[in-house]
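Engineer: My questions will all concern the structure given below.
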Amino acid sequence: MHFLSALLENYIADNSQEESKLLRQLTRETHLKIVQPRMLTGHYQGRVLSLLSKIINPKSILEIGTYTGYSAICLAEGLRNNGTLHTIDVNVELRDIQRKYFDKSGYGNQIRQHIGNALDIIPKMQETFDLVFIDAEKKEYPNYLEAILPKTRSGSVILSDNVLWSGKVVEPLNPKDKSTAVLLKYNKDLKEHPQLETVLLPIRDGLTLSRVR
C-alpha cells in the first residue's frame, strides 16, 4: 500500500537531502544481486535515519536487521568519533557485501557485524545503547524490545520499522496472519509502555520513535 501518491513521494524525496554516491551504488548492487531488494531502506528513510542519528549523536548504536547495510551506514553518519555501531543479521551470505560498503563508507572501523539470532546475541552484549533500530523479523518485535530495554538508559531512542505493515494494521485481520497480529499488539504496547514515550511516524512503511524515560 502506498500511503502517498507517487507524485508526493517524489516531491518529498526531491526536497530532502540527497543520498551519497556510495549509497546509490549500494542500492544498485542490491537490486542487481540480492533477492527482495524492496527490503532496502532507501533514500528518503535513510536520510531520516541519518538526521535522527546526527541529532542524538550516539556513542553506541544497535541495529537489528542489517540486510545489505544501507541503514547501518546512514545511522553511522551520526556516531561520535569514538562511537560504535553493532549490527545483527541472520543471513551470513550478505556479510561480504555489507563489509565492502561499510569499509568504503569510512565508518568500517566503527561498524561491527554479528551473524546469528539477535535474541541469542543481544543478552551477551555489555554495551548500553543510545540508539536502537529494529528492522528484522516482525513476529519477534516484542522479544527484541524485551531484550534491548535492559541495554538502554534514560534518553535512549528506539526506532521500530515497518510498523504500518503495508496498511494491514488497519485492515480486517486474517486469522492466519501472525505478523500483522504481533505488530498490532506491539504498536499498542509501545504506546502504553511505562518506560517509553512513543510517536508513530507515517514515514515509508511506518517508523515508530520511542524514547526511554
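As shown in the C-alpha cells, the chain order sets the letters A, B, ...; within each chain, residues go from 1, and ligands are also counted from 1 in the order they appear.
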Write out as a ChimeraX atom specification the residues lying within 6 Å of range 86-98 of chain A, counting only C-alpha atoms and excluding same-chain residues fewer than 6 positions away.
Structural biologist: /A:62-66,68-69,111-117
Engineer: Can you check which parts of range 24-111 of chain A lie within 12 Å of range 2-10 of chain A? Per residue, the shortest pair of atoms and distance in Å to one decimal, counting only C-alpha atoms, sorted by chain and number, as JSON lines.
Structural biologist:
```
{"residue": "A:His43", "atom": "CA", "partner": "A:Asn10", "partner_atom": "CA", "distance": 10.8}
{"residue": "A:Tyr44", "atom": "CA", "partner": "A:Glu9", "partner_atom": "CA", "distance": 9.1}
{"residue": "A:Gln45", "atom": "CA", "partner": "A:Glu9", "partner_atom": "CA", "distance": 11.4}
```
Engineer: Of the candidates A:Gln110, A:Thr128, A:Gln25, A:Thr180, which one gets nearest to Leu79 in chain A if we count only C-alpha atoms?
Structural biologist: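 Checking each of A:Gln110, A:Thr128, A:Gln25, A:Thr180 against Leu79 in chain A, counting only C-alpha atoms, the winner is A:Gln110.
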Engineer: Once DSSP has gone over the backbone, tell me which residues of range 20-105 of chain A are in strand (DSSP E), as a ChimeraX atom specification.
Structural biologist: /A:60-64,84-89
Engineer: How would the residues just picked look written out with C-alpha atoms as a PDB file, in the first residue's frame?
Structural biologist:
```pdb
ATOM      1  CA  SER A  60      26.713   3.280  20.767  1.00  0.00           C
ATOM      2  CA  ILE A  61      24.107   2.098  18.234  1.00  0.00           C
ATOM      3  CA  LEU A  62      22.430  -1.286  17.896  1.00  0.00           C
ATOM      4  CA  GLU A  63      20.781  -2.321  14.641  1.00  0.00           C
ATOM      5  CA  ILE A  64      18.682  -5.480  14.447  1.00  0.00           C
ATOM      6  CA  THR A  84      30.480   2.023  17.661  1.00  0.00           C
ATOM      7  CA  LEU A  85      27.574   0.548  15.725  1.00  0.00           C
ATOM      8  CA  HIS A  86      26.689  -3.118  16.256  1.00  0.00           C
ATOM      9  CA  THR A  87      24.527  -4.624  13.524  1.00  0.00           C
ATOM     10  CA  ILE A  88      22.958  -8.095  13.594  1.00  0.00           C
ATOM     11  CA  ASP A  89      21.668 -10.244  10.738  1.00  0.00           C
TER      12      ASP A  89
END
```
Engineer: Would you kindly return, as a list in words, each protein, DNA or RNA residue with an atom no farther than 10 Å from any atom of Pro142 in chain A, considering only C-alpha atoms and excluding same-chain residues fewer than 4 positions away?
Structural biologist: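 Result of the neighbour search: Lys138, Glu146, Ala147, Val182, Leu183, Lys185, Tyr186, Asn187, Asp189 and Leu190 of chain A.
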Engineer: Please produce a file of the residues just selected, as a compact mmCIF listing (two decimals), in the first residue's frame, where the atoms kept are N, CA and C atoms.
Structural biologist:
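Just written: again_1.txt:
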```
# COMPACT_ATOMS: atom_id res chain seq x y z
N LYS A 138 9.38 -9.56 12.02
CA LYS A 138 8.30 -8.80 12.67
C LYS A 138 7.68 -9.55 13.83
N GLU A 146 12.00 -6.50 24.54
CA GLU A 146 12.30 -7.01 25.88
C GLU A 146 13.80 -7.22 26.08
N ALA A 147 14.47 -7.65 25.00
CA ALA A 147 15.91 -7.90 25.09
C ALA A 147 16.73 -6.62 25.16
N VAL A 182 0.94 -9.64 15.58
CA VAL A 182 2.01 -9.25 16.50
C VAL A 182 2.26 -7.75 16.43
N LEU A 183 2.29 -7.20 15.21
CA LEU A 183 2.54 -5.77 15.07
C LEU A 183 1.43 -4.92 15.68
N LYS A 185 -0.37 -5.66 18.29
CA LYS A 185 -0.14 -5.67 19.74
C LYS A 185 1.11 -4.88 20.09
N TYR A 186 2.15 -5.01 19.28
CA TYR A 186 3.42 -4.30 19.53
C TYR A 186 3.19 -2.79 19.50
N ASN A 187 2.47 -2.30 18.51
CA ASN A 187 2.21 -0.86 18.42
C ASN A 187 1.45 -0.36 19.65
N ASP A 189 1.39 -1.82 22.62
CA ASP A 189 2.25 -1.95 23.79
C ASP A 189 3.28 -0.83 23.86
N LEU A 190 3.82 -0.41 22.71
CA LEU A 190 4.77 0.71 22.72
C LEU A 190 4.10 1.97 23.25
```
Engineer: Just to confirm, what's the straight-line distance from CA of Ile148 in chain A to CA of Glu127 in chain A in Å (one decimal)?
Structural biologist: 10.4 Å
Engineer: For Leu201 in chain A, please output as number ranges by chain all residues within 10 Å (counting only C-alpha atoms; exclusion window: fewer than 6 positions along the same chain).
Structural biologist: A: 161, 163-164, 207-209
Engineer: Out of chain A, which residues get alpha helix (DSSP H) from DSSP, as a VMD selection string?
Structural biologist: chain A and resid 6 to 14 21 to 33 43 to 56 70 to 76 95 to 105 118 to 121 141 to 148 178 to 192
Engineer: Please produce a file of those selected residues containing C-alpha atoms, as a compact mmCIF listing (two decimals), in the first residue's frame.
Structural biologist:
```
# COMPACT_ATOMS: atom_id res chain seq x y z
CA ALA A 6 3.91 8.73 -6.27
CA LEU A 7 3.93 12.43 -7.15
CA LEU A 8 4.05 13.46 -3.48
CA GLU A 9 6.60 10.79 -2.62
CA ASN A 10 8.88 12.08 -5.38
CA TYR A 11 8.38 15.68 -4.23
CA ILE A 12 9.31 14.74 -0.65
CA ALA A 13 12.44 12.93 -1.79
CA ASP A 14 13.41 15.74 -4.15
CA LYS A 21 27.06 8.30 -4.40
CA LEU A 22 28.14 5.28 -2.34
CA LEU A 23 24.58 4.66 -1.13
CA ARG A 24 23.31 4.91 -4.70
CA GLN A 25 25.90 2.29 -5.69
CA LEU A 26 24.76 0.05 -2.82
CA THR A 27 21.15 0.44 -3.91
CA ARG A 28 22.03 -0.53 -7.48
CA GLU A 29 24.07 -3.59 -6.44
CA THR A 30 21.31 -4.71 -4.08
CA HIS A 31 18.74 -4.56 -6.88
CA LEU A 32 21.04 -6.41 -9.27
CA LYS A 33 22.24 -9.19 -6.99
CA HIS A 43 16.93 7.31 0.02
CA TYR A 44 14.25 9.16 1.98
CA GLN A 45 14.07 6.95 5.05
CA GLY A 46 17.84 6.69 5.02
CA ARG A 47 18.10 10.47 5.29
CA VAL A 48 15.61 10.41 8.17
CA LEU A 49 17.74 7.83 10.00
CA SER A 50 20.90 9.81 9.32
CA LEU A 51 19.46 13.06 10.61
CA LEU A 52 17.99 11.44 13.74
CA SER A 53 21.35 9.86 14.46
CA LYS A 54 23.13 13.18 14.00
CA ILE A 55 20.69 14.87 16.39
CA ILE A 56 21.16 12.14 19.01
CA TYR A 70 22.26 0.74 3.78
CA SER A 71 20.58 1.72 7.05
CA ALA A 72 23.71 0.94 9.08
CA ILE A 73 25.74 3.41 7.03
CA CYS A 74 23.02 6.06 7.43
CA LEU A 75 22.93 5.56 11.20
CA ALA A 76 26.74 5.57 11.42
CA ARG A 95 28.20 -10.39 5.14
CA ASP A 96 30.64 -9.64 2.30
CA ILE A 97 28.51 -7.01 0.57
CA GLN A 98 27.86 -5.37 3.95
CA ARG A 99 31.55 -5.23 4.78
CA LYS A 100 32.52 -3.94 1.33
CA TYR A 101 30.26 -0.92 1.66
CA PHE A 102 30.99 -0.37 5.35
CA ASP A 103 34.69 -0.09 4.56
CA LYS A 104 34.05 2.20 1.58
CA SER A 105 31.86 4.46 3.73
CA ALA A 118 19.60 -11.36 17.65
CA LEU A 119 17.84 -12.86 20.67
CA ASP A 120 20.90 -15.01 21.31
CA ILE A 121 23.41 -12.24 20.65
CA TYR A 141 9.49 -7.39 17.67
CA PRO A 142 8.13 -7.80 21.24
CA ASN A 143 11.02 -10.10 22.11
CA TYR A 144 13.56 -7.70 20.61
CA LEU A 145 12.10 -4.90 22.74
CA GLU A 146 12.30 -7.01 25.88
CA ALA A 147 15.91 -7.90 25.09
CA ILE A 148 17.12 -4.36 24.37
CA LYS A 178 0.62 -13.83 12.62
CA SER A 179 2.98 -10.96 11.67
CA THR A 180 0.18 -8.40 11.48
CA ALA A 181 -1.33 -9.65 14.75
CA VAL A 182 2.01 -9.25 16.50
CA LEU A 183 2.54 -5.77 15.07
CA LEU A 184 -0.92 -4.64 16.18
CA LYS A 185 -0.14 -5.67 19.74
CA TYR A 186 3.42 -4.30 19.53
CA ASN A 187 2.21 -0.86 18.42
CA LYS A 188 -0.31 -0.77 21.25
CA ASP A 189 2.25 -1.95 23.79
CA LEU A 190 4.77 0.71 22.72
CA LYS A 191 2.17 3.43 23.24
CA GLU A 192 1.22 2.12 26.69
```
Engineer: Just give me the gap between CA of Gly108 in chain A and CA of Thr41 in chain A in Å, one decimal is fine.
Structural biologist: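 Spanning CA of Gly108 in chain A to CA of Thr41 in chain A is a straight-line distance of 19.1 Å.
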